[in-house]
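J.: File upload.tsv below, TSV, C-alpha atoms:
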```tsv
chain	number	residue	atom	x	y	z
D	1	MET	CA	13.08	21.30	-42.96
D	2	ARG	CA	10.16	21.54	-45.38
D	3	ASN	CA	11.82	19.01	-47.62
D	4	LYS	CA	12.19	16.62	-44.70
D	5	ILE	CA	8.52	16.95	-43.78
D	6	LEU	CA	7.48	16.36	-47.36
D	7	LYS	CA	9.81	13.38	-47.66
D	8	VAL	CA	8.17	11.76	-44.62
D	9	PHE	CA	4.56	12.82	-45.03
D	10	MET	CA	4.10	12.41	-48.77
D	11	PRO	CA	4.86	8.68	-48.76
D	12	VAL	CA	2.61	8.28	-45.69
D	13	VAL	CA	-0.22	10.12	-47.47
D	14	VAL	CA	0.27	8.19	-50.70
D	15	VAL	CA	0.40	4.82	-48.94
D	16	SER	CA	-2.69	5.68	-46.86
D	17	LEU	CA	-4.68	6.66	-49.95
D	18	PHE	CA	-3.56	3.47	-51.68
D	19	LEU	CA	-4.58	1.32	-48.71
D	20	PHE	CA	-7.89	3.14	-48.37
D	21	GLY	CA	-8.63	2.72	-52.05
D	22	CYS	CA	-7.69	-0.95	-52.09
D	23	THR	CA	-9.39	-2.01	-48.87
D	24	LYS	CA	-12.68	-0.14	-49.31
D	25	PRO	CA	-15.23	-2.95	-48.65
D	26	GLU	CA	-17.41	-4.12	-51.52
D	27	LEU	CA	-21.11	-4.33	-50.88
D	28	GLN	CA	-22.13	-7.77	-49.61
D	29	TRP	CA	-25.39	-9.30	-50.77
D	30	HIS	CA	-27.13	-12.51	-49.67
D	31	ALA	CA	-29.19	-12.78	-52.87
D	32	THR	CA	-27.40	-13.11	-56.20
D	33	ASN	CA	-25.99	-9.82	-57.51
D	34	ILE	CA	-27.08	-9.53	-61.15
D	35	THR	CA	-26.31	-5.84	-61.64
D	36	GLY	CA	-25.71	-5.13	-65.31
D	37	VAL	CA	-26.52	-8.69	-66.37
D	38	MET	CA	-30.07	-7.93	-67.54
D	39	PRO	CA	-31.80	-4.83	-68.93
D	40	PRO	CA	-33.65	-2.20	-66.83
D	41	LEU	CA	-37.27	-2.72	-65.88
D	42	SER	CA	-39.58	-2.11	-68.80
D	43	PHE	CA	-43.09	-3.34	-69.46
D	44	THR	CA	-46.60	-2.52	-70.65
D	45	LEU	CA	-49.28	-4.27	-68.59
D	46	VAL	CA	-52.53	-3.57	-66.74
D	47	ASP	CA	-52.90	-3.25	-62.97
D	48	GLN	CA	-55.54	-4.73	-60.65
D	49	ASN	CA	-57.95	-1.97	-61.66
D	50	ASN	CA	-57.40	-2.82	-65.31
D	51	GLN	CA	-55.55	0.49	-65.82
D	52	PRO	CA	-52.64	0.49	-68.26
D	53	VAL	CA	-49.31	0.67	-66.43
D	54	THR	CA	-45.65	0.71	-67.35
D	55	GLU	CA	-42.43	0.63	-65.36
D	56	LYS	CA	-42.80	4.43	-64.99
D	57	THR	CA	-45.88	3.89	-62.82
D	58	TYR	CA	-43.73	2.20	-60.18
D	59	GLN	CA	-40.37	3.95	-60.55
D	60	GLY	CA	-38.72	5.72	-57.64
D	61	LYS	CA	-39.09	2.68	-55.38
D	62	VAL	CA	-37.42	-0.70	-55.06
D	63	ASN	CA	-39.47	-3.03	-57.27
D	64	ILE	CA	-39.69	-6.77	-56.65
D	65	LEU	CA	-40.91	-8.71	-59.69
D	66	PHE	CA	-42.43	-12.20	-59.47
D	67	PHE	CA	-44.41	-14.23	-62.02
D	68	GLY	CA	-47.19	-16.63	-61.04
D	69	TYR	CA	-50.95	-17.22	-61.01
D	70	THR	CA	-53.62	-17.16	-58.32
D	71	ASN	CA	-54.78	-20.77	-58.84
D	72	CYS	CA	-51.32	-21.88	-57.75
D	73	PRO	CA	-51.98	-23.45	-54.32
D	74	ASP	CA	-48.43	-23.90	-53.09
D	75	VAL	CA	-45.36	-22.08	-54.49
D	76	CYS	CA	-46.94	-18.73	-55.42
D	77	PRO	CA	-48.71	-18.01	-52.12
D	78	TYR	CA	-45.69	-19.38	-50.25
D	79	THR	CA	-43.35	-17.03	-52.12
D	80	LEU	CA	-45.64	-14.02	-51.78
D	81	GLY	CA	-46.17	-14.92	-48.12
D	82	LYS	CA	-42.41	-14.97	-47.68
D	83	LEU	CA	-42.17	-11.51	-49.27
D	84	SER	CA	-45.00	-10.30	-47.03
D	85	SER	CA	-43.17	-11.62	-43.99
D	86	ILE	CA	-39.97	-9.88	-45.14
D	87	LEU	CA	-41.76	-6.56	-45.63
D	88	HIS	CA	-43.10	-6.80	-42.10
D	89	ARG	CA	-39.51	-6.52	-40.87
D	90	PHE	CA	-39.64	-2.91	-42.10
D	91	SER	CA	-41.40	0.01	-40.46
D	92	ALA	CA	-44.57	1.20	-42.18
D	93	ALA	CA	-42.64	4.21	-43.55
D	94	GLU	CA	-39.79	2.05	-44.91
D	95	ARG	CA	-42.29	-0.36	-46.48
D	96	GLN	CA	-43.58	2.50	-48.64
D	97	LYS	CA	-40.24	2.43	-50.48
D	98	ILE	CA	-40.90	-1.06	-51.84
D	99	ASN	CA	-43.37	-2.41	-54.41
D	100	VAL	CA	-44.04	-6.09	-55.05
D	101	LEU	CA	-45.14	-6.54	-58.66
D	102	PHE	CA	-46.92	-9.88	-58.92
D	103	VAL	CA	-47.40	-10.51	-62.63
D	104	SER	CA	-50.02	-13.15	-63.36
D	105	VAL	CA	-49.18	-15.20	-66.43
D	106	ASP	CA	-52.75	-16.60	-66.38
D	107	PRO	CA	-54.81	-13.61	-67.57
D	108	LYS	CA	-57.74	-15.83	-68.59
D	109	ARG	CA	-58.56	-16.80	-65.01
D	110	ASP	CA	-56.80	-13.99	-63.11
D	111	THR	CA	-59.11	-11.11	-63.90
D	112	ALA	CA	-58.48	-7.70	-62.32
D	113	PRO	CA	-60.91	-8.22	-59.38
D	114	ILE	CA	-59.33	-11.61	-58.61
D	115	ARG	CA	-55.80	-10.20	-58.74
D	116	LYS	CA	-56.87	-7.30	-56.52
D	117	LYS	CA	-58.37	-9.54	-53.83
D	118	TYR	CA	-55.42	-11.92	-53.96
D	119	CYS	CA	-52.74	-9.24	-53.60
D	120	ALA	CA	-54.65	-7.39	-50.88
D	121	ALA	CA	-54.38	-10.54	-48.75
D	122	PHE	CA	-50.56	-10.15	-48.72
D	123	GLY	CA	-50.41	-6.42	-48.03
D	124	SER	CA	-50.85	-2.98	-49.51
D	125	ARG	CA	-47.43	-3.02	-51.23
D	126	PHE	CA	-48.51	-5.90	-53.50
D	127	TYR	CA	-49.71	-5.07	-57.02
D	128	GLY	CA	-51.46	-7.67	-59.18
D	129	LEU	CA	-50.52	-7.02	-62.80
D	130	SER	CA	-51.23	-8.93	-65.98
D	131	GLY	CA	-51.57	-8.32	-69.71
D	132	THR	CA	-51.97	-9.80	-73.15
D	133	MET	CA	-50.00	-12.88	-74.21
D	134	GLN	CA	-47.73	-10.59	-76.20
D	135	GLN	CA	-47.04	-8.28	-73.24
D	136	LEU	CA	-46.45	-11.16	-70.82
D	137	THR	CA	-44.21	-13.02	-73.27
D	138	ALA	CA	-42.16	-9.86	-73.88
D	139	LEU	CA	-41.58	-9.32	-70.16
D	140	ASN	CA	-40.72	-12.98	-69.55
D	141	ARG	CA	-38.35	-13.00	-72.49
D	142	ARG	CA	-36.68	-9.79	-71.29
D	143	TYR	CA	-35.69	-11.56	-68.07
D	144	ARG	CA	-34.94	-14.88	-69.80
D	145	VAL	CA	-37.79	-16.86	-68.28
D	146	THR	CA	-40.84	-18.61	-69.70
D	147	PHE	CA	-44.34	-19.73	-68.77
D	148	GLY	CA	-46.72	-22.34	-70.14
D	149	TYR	CA	-50.08	-24.03	-69.70
D	150	GLY	CA	-50.83	-27.68	-68.91
D	151	ASP	CA	-53.71	-29.71	-70.32
D	152	LYS	CA	-57.21	-28.92	-69.10
D	153	ASP	CA	-58.90	-31.56	-66.94
D	154	ALA	CA	-62.57	-32.56	-67.23
D	155	LYS	CA	-63.60	-29.50	-65.21
D	156	GLY	CA	-61.49	-27.08	-67.22
D	157	ASN	CA	-58.75	-26.69	-64.58
D	158	TYR	CA	-55.18	-26.42	-65.80
D	159	GLU	CA	-51.77	-25.92	-64.30
D	160	VAL	CA	-49.49	-23.02	-65.24
D	161	SER	CA	-45.73	-23.46	-65.16
D	162	HIS	CA	-43.78	-20.25	-64.50
D	163	SER	CA	-40.45	-18.94	-63.27
D	164	SER	CA	-39.53	-19.21	-59.59
D	165	ALA	CA	-37.22	-16.18	-59.88
D	166	ILE	CA	-37.72	-13.04	-57.82
D	167	TYR	CA	-36.05	-10.05	-59.47
D	168	VAL	CA	-35.20	-6.94	-57.48
D	169	PHE	CA	-34.81	-3.56	-59.23
D	170	ASP	CA	-33.45	-0.36	-57.72
D	171	PRO	CA	-35.53	2.87	-57.74
D	172	LYS	CA	-33.97	3.86	-61.08
D	173	GLY	CA	-35.19	0.63	-62.64
D	174	GLU	CA	-31.83	-1.14	-62.89
D	175	VAL	CA	-31.93	-4.85	-62.13
D	176	ARG	CA	-29.81	-5.58	-59.08
D	177	LEU	CA	-30.64	-8.90	-57.40
D	178	LEU	CA	-32.02	-12.35	-58.10
D	179	VAL	CA	-33.65	-13.90	-55.03
D	180	ARG	CA	-33.68	-17.67	-55.33
D	181	GLY	CA	-35.96	-18.29	-52.34
D	182	THR	CA	-33.48	-20.35	-50.33
D	183	GLU	CA	-32.17	-17.25	-48.53
D	184	GLU	CA	-33.37	-16.55	-44.99
D	185	ASN	CA	-36.06	-13.86	-44.66
D	186	GLU	CA	-33.74	-11.74	-42.52
D	187	GLU	CA	-31.04	-11.91	-45.22
D	188	ILE	CA	-33.40	-10.71	-47.94
D	189	ALA	CA	-34.60	-7.92	-45.64
D	190	GLN	CA	-30.98	-6.84	-45.11
D	191	ASP	CA	-30.40	-6.81	-48.87
D	192	LEU	CA	-33.48	-4.66	-49.46
D	193	LYS	CA	-32.46	-2.23	-46.70
D	194	GLN	CA	-28.99	-1.96	-48.19
D	195	LEU	CA	-30.43	-1.37	-51.67
D	196	ILE	CA	-32.71	1.37	-50.35
D	197	LYS	CA	-29.78	2.95	-48.51
D	198	ILE	CA	-27.38	3.03	-51.48
D	199	SER	CA	-30.12	4.30	-53.78
D	200	ALA	CA	-31.01	7.25	-51.52
H	1	MET	CA	-39.46	-60.65	7.33
H	2	LEU	CA	-37.81	-57.23	7.68
H	3	THR	CA	-35.50	-57.91	4.68
H	4	VAL	CA	-38.48	-58.77	2.43
H	5	ASN	CA	-40.40	-55.60	3.48
H	6	ARG	CA	-37.42	-53.37	2.60
H	7	PHE	CA	-37.45	-54.61	-0.98
H	8	ILE	CA	-41.21	-54.58	-1.58
H	9	LYS	CA	-41.51	-50.80	-2.18
H	10	PRO	CA	-38.66	-50.44	-4.70
H	11	PHE	CA	-39.79	-53.68	-6.41
H	12	ILE	CA	-43.33	-52.32	-6.86
H	13	LEU	CA	-41.92	-49.02	-8.17
H	14	LEU	CA	-39.74	-50.94	-10.64
H	15	ILE	CA	-42.70	-52.94	-11.98
H	16	LEU	CA	-44.82	-49.78	-12.29
H	17	SER	CA	-42.09	-47.90	-14.18
H	18	LEU	CA	-41.71	-50.76	-16.66
H	19	PHE	CA	-45.44	-50.70	-17.30
H	20	SER	CA	-45.53	-46.90	-17.55
H	21	CYS	CA	-43.19	-47.04	-20.57
H	22	HIS	CA	-45.57	-49.52	-22.17
H	23	VAL	CA	-48.50	-47.20	-21.38
H	24	PHE	CA	-46.73	-44.27	-23.13
H	25	ALA	CA	-46.12	-46.41	-26.21
H	26	LEU	CA	-49.80	-47.38	-26.30
H	27	ALA	CA	-50.74	-43.64	-26.12
H	28	LEU	CA	-49.18	-42.96	-29.59
H	29	PRO	CA	-51.68	-43.51	-32.39
H	30	PRO	CA	-50.63	-46.12	-34.98
H	31	ILE	CA	-50.75	-43.45	-37.70
H	32	GLN	CA	-49.86	-40.15	-36.11
H	33	VAL	CA	-50.61	-36.90	-37.95
H	34	ASP	CA	-49.35	-33.57	-36.59
H	35	HIS	CA	-48.98	-29.94	-37.74
H	36	SER	CA	-51.96	-30.18	-40.09
H	37	TRP	CA	-52.95	-26.87	-41.68
H	38	ILE	CA	-54.48	-25.39	-44.81
H	39	ARG	CA	-53.38	-22.13	-46.41
H	40	PHE	CA	-56.29	-19.78	-46.98
H	41	THR	CA	-56.72	-18.28	-50.46
H	42	PRO	CA	-59.53	-15.86	-51.34
H	43	GLY	CA	-62.07	-16.59	-54.05
H	44	ASN	CA	-62.86	-20.12	-55.19
H	45	GLY	CA	-59.44	-21.36	-56.23
H	46	PRO	CA	-57.70	-24.45	-54.86
H	47	LEU	CA	-56.15	-24.45	-51.38
H	48	ALA	CA	-53.12	-26.40	-50.19
H	49	GLY	CA	-53.12	-28.70	-47.15
H	50	TYR	CA	-50.00	-29.75	-45.24
H	51	PHE	CA	-49.16	-32.17	-42.41
H	52	GLU	CA	-46.57	-34.51	-40.95
H	53	LEU	CA	-47.41	-38.20	-40.74
H	54	ILE	CA	-45.53	-40.71	-38.57
H	55	ASN	CA	-46.00	-44.44	-39.02
H	56	ASN	CA	-45.94	-45.90	-35.51
H	57	THR	CA	-46.94	-49.35	-36.70
H	58	ALA	CA	-44.68	-52.31	-37.46
H	59	ASN	CA	-45.75	-52.42	-41.12
H	60	THR	CA	-45.30	-50.23	-44.18
H	61	ILE	CA	-48.44	-48.18	-44.84
H	62	LYS	CA	-49.41	-46.49	-48.10
H	63	LEU	CA	-51.24	-43.16	-48.33
H	64	VAL	CA	-53.32	-43.39	-51.51
H	65	GLY	CA	-55.54	-40.31	-51.30
H	66	ALA	CA	-57.78	-38.04	-49.29
H	67	LYS	CA	-61.41	-36.97	-49.15
H	68	SER	CA	-63.42	-34.17	-47.62
H	69	GLY	CA	-67.06	-33.19	-47.50
H	70	ILE	CA	-65.97	-29.54	-47.89
H	71	PHE	CA	-64.15	-30.01	-51.21
H	72	ASP	CA	-65.33	-31.60	-54.44
H	73	ASP	CA	-61.96	-33.18	-55.01
H	74	VAL	CA	-58.77	-33.69	-53.01
H	75	MET	CA	-55.58	-34.63	-54.83
H	76	MET	CA	-52.02	-35.22	-53.78
H	77	HIS	CA	-49.47	-33.08	-55.62
H	78	HIS	CA	-45.76	-32.38	-55.50
H	79	SER	CA	-44.29	-28.97	-56.41
H	80	ARG	CA	-41.08	-29.02	-58.38
H	81	ILE	CA	-38.61	-26.31	-59.32
H	82	THR	CA	-36.40	-27.48	-62.18
H	83	HIS	CA	-33.93	-25.01	-63.73
H	84	GLY	CA	-35.85	-22.14	-62.13
H	85	GLU	CA	-39.23	-23.27	-63.48
H	86	VAL	CA	-42.10	-24.11	-61.11
H	87	SER	CA	-44.42	-27.01	-61.96
H	88	MET	CA	-46.64	-29.47	-60.11
H	89	GLN	CA	-46.96	-33.20	-60.52
H	90	SER	CA	-49.86	-35.35	-59.45
H	91	VAL	CA	-48.81	-38.12	-57.09
H	92	ASP	CA	-49.91	-41.38	-58.70
H	93	GLY	CA	-49.63	-44.76	-57.06
H	94	GLY	CA	-49.68	-43.48	-53.47
H	95	LEU	CA	-46.90	-42.81	-50.99
H	96	ALA	CA	-45.39	-45.66	-48.97
H	97	VAL	CA	-44.27	-44.95	-45.40
H	98	LYS	CA	-42.03	-47.52	-43.72
H	99	PRO	CA	-42.39	-48.37	-40.00
H	100	GLY	CA	-41.13	-45.49	-37.89
H	101	ALA	CA	-40.75	-43.20	-40.92
H	102	HIS	CA	-42.15	-39.68	-41.37
H	103	LEU	CA	-44.01	-38.39	-44.43
H	104	VAL	CA	-43.98	-34.60	-44.68
H	105	PHE	CA	-46.39	-32.49	-46.72
H	106	ALA	CA	-44.90	-28.97	-46.62
H	107	PRO	CA	-44.72	-25.81	-48.81
H	108	GLY	CA	-42.57	-26.34	-51.90
H	109	GLY	CA	-43.01	-30.14	-51.77
H	110	TYR	CA	-45.93	-32.52	-51.26
H	111	HIS	CA	-49.28	-30.90	-50.63
H	112	LEU	CA	-52.95	-31.83	-50.69
H	113	MET	CA	-54.67	-29.90	-53.45
H	114	LEU	CA	-58.14	-29.04	-52.21
H	115	MET	CA	-60.41	-28.26	-55.13
H	116	ALA	CA	-63.81	-26.56	-55.41
H	117	ARG	CA	-64.67	-25.58	-51.85
H	118	GLN	CA	-68.37	-26.12	-51.15
H	119	LYS	CA	-68.69	-23.41	-48.55
H	120	LYS	CA	-67.13	-20.10	-47.64
H	121	LEU	CA	-64.00	-20.58	-45.56
H	122	VAL	CA	-62.27	-18.20	-43.16
H	123	VAL	CA	-58.97	-18.19	-41.30
H	124	GLY	CA	-59.36	-20.10	-38.05
H	125	ASP	CA	-61.89	-22.63	-39.38
H	126	THR	CA	-61.19	-26.31	-38.72
H	127	ILE	CA	-61.78	-28.69	-41.62
H	128	THR	CA	-61.84	-32.48	-41.34
H	129	ILE	CA	-60.05	-34.35	-44.10
H	130	GLN	CA	-60.04	-38.12	-44.33
H	131	LEU	CA	-56.66	-39.60	-45.25
H	132	VAL	CA	-57.11	-42.85	-47.17
H	133	PHE	CA	-54.60	-45.70	-47.00
H	134	LEU	CA	-54.20	-48.98	-48.86
H	135	HIS	CA	-56.75	-51.66	-47.82
H	136	GLN	CA	-59.39	-48.93	-47.30
H	137	GLN	CA	-57.93	-47.86	-43.98
H	138	THR	CA	-58.84	-44.25	-43.22
H	139	ILE	CA	-58.16	-41.71	-40.51
H	140	ASN	CA	-59.83	-38.35	-39.96
H	141	VAL	CA	-57.52	-35.40	-39.46
H	142	ASP	CA	-58.44	-31.87	-38.42
H	143	PHE	CA	-56.78	-29.13	-40.45
H	144	ILE	CA	-56.78	-25.55	-39.25
H	145	ILE	CA	-57.06	-22.76	-41.83
H	146	LYS	CA	-54.11	-20.38	-41.60
H	147	PRO	CA	-53.66	-16.97	-43.30
H	148	ILE	CA	-52.38	-16.86	-46.89
H	149	TRP	CA	-48.99	-15.49	-45.75
H	150	PHE	CA	-48.45	-18.24	-43.13
H	151	GLN	CA	-45.04	-19.91	-43.57
H	152	GLY	CA	-45.69	-23.21	-41.80
H	153	ILE	CA	-45.86	-24.89	-38.41
H	154	GLN	CA	-42.40	-25.92	-37.19
```
In structure tokens, what does this structure look like?

T.:
Amino acid sequence: MRNKILKVFMPVVVVSLFLFGCTKPELQWHATNITGVMPPLSFTLVDQNNQPVTEKTYQGKVNILFFGYTNCPDVCPYTLGKLSSILHRFSAAERQKINVLFVSVDPKRDTAPIRKKYCAAFGSRFYGLSGTMQQLTALNRRYRVTFGYGDKDAKGNYEVSHSSAIYVFDPKGEVRLLVRGTEENEEIAQDLKQLIKISA
Amino acid sequence: MLTVNRFIKPFILLILSLFSCHVFALALPPIQVDHSWIRFTPGNGPLAGYFELINNTANTIKLVGAKSGIFDDVMMHHSRITHGEVSMQSVDGGLAVKPGAHLVFAPGGYHLMLMARQKKLVVGDTITIQLVFLHQQTINVDFIIKPIWFQGIQ
């Protein structure tokens, strides 16, 4: 009798485990999954109070990294505005689990007080970082992007070219997502919520 | 006599309705500009202005620039993202708009670059900007200042 039960149940158990293992759903992301493709978050910069900061200052939360400059009239404020809009889909408590690290690649014009005022306009989760040419180049190079300066006009104004990429790191500092900017705000919000959930 | 009277009312209504369509067409400005707004930025840096222009005339028009008493300089720029790199190009030579066509200045594309503001600006202010067309034709457009995080008027 025991043999009969085993003969029937064992295959059922084995097949069930097999099916469960094979059909377990993979995590779906709207942004591009770049887990393992680039190194963990690491930098030496200064914050909007001119205090030295590293990735350790911001660890333990989901970090969103974006390069730009405050004299950018269009793409930078549009992107940061988009991120601000996305964060407003979270409760105040949930928002505390996310940092937006806006790294200015124009340290000459984007002094600490300017970065502070600029980021404050988007929300309290926005940090305006910058650094020396060496520090900024190192961070750009780490994530395979570049920045550069255009010619100065008669009044000393110049354009800064920079990456459009938005990198998302998990609370441990591992790079996870690349947001291209064409995703819907709701989709990015869902991705961030999922990342927070799986990192808990 | 009775037959004529019966047709007078509908005939008058028909004539009026034909003219009413004409009246509606006359109500559209030759160069129509809607959804005009400026994104606020703190400090003294440049701001971006956006709008949608519709050419209701029978001829091609050309937008060659813009002016404002509030800004030292107004330029037309186009943002570009090429291989993940953001840059801006100055629009030289103006922008032609064919009859019936729309010209859209929106985030990520064409924008007015408003340089060196001459007075403190706040969200909610209305700024007049003069759009300049070929043959010195100009129109004044009111732009409302929206918050820095504003995504655009649909």

J.: In Å, with one decimal, what is the gap from atom CA of Leu41 of chain D to atom CA of Gly173 of chain D?

T.: 5.1 Å

J.: Find the residues near segment 139-148 of chain H: any atom within 8 Å, counting all atoms listed in the file, skip ones fewer than 4 places away on the same chain, and give them as a VMD selection string.

T.: (chain D and resid 77 to 78 81 121 to 122) or (chain H and resid 33 36 to 41 49 122 to 132)

J.: Record the distance separating atom CA of Gln190 of chain D and atom CA of Gly68 of chain D, expressed in Å with one decimal.

T.: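 Interatomic distance here is 24.7 Å.
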
J.: Residues of chain D were defined as contacting chain H if any atom lay at most 7 Å from it, counting only C-alpha atoms; please report them as number ranges by chain.

T.: D: 71, 73-75, 77-78, 81-82, 84, 117-118, 121-122, 161-165

J.: For Leu121 of chain H, which residue out of H:Phe71, H:Phe51, H:Phe105, H:Phe133 is the nearest one, using only C-alpha atoms?

T.: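 When distances to Leu121 of chain H are compared using only C-alpha atoms, the smallest one comes from H:Phe71.
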
J.: Please compute the atom CA of His30 of chain D-atom CA of Tyr58 of chain D distance, one decimal, in Å.

T.: 24.5 Å

J.: Pick the closest to Val145 of chain D from D:Val105, D:Val12, D:Val53, D:Leu87: which is it, counting all atoms listed in the file?

T.: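 Of D:Val105, D:Val12, D:Val53, D:Leu87, the one nearest Val145 of chain D, counting all atoms listed in the file, is D:Val105.
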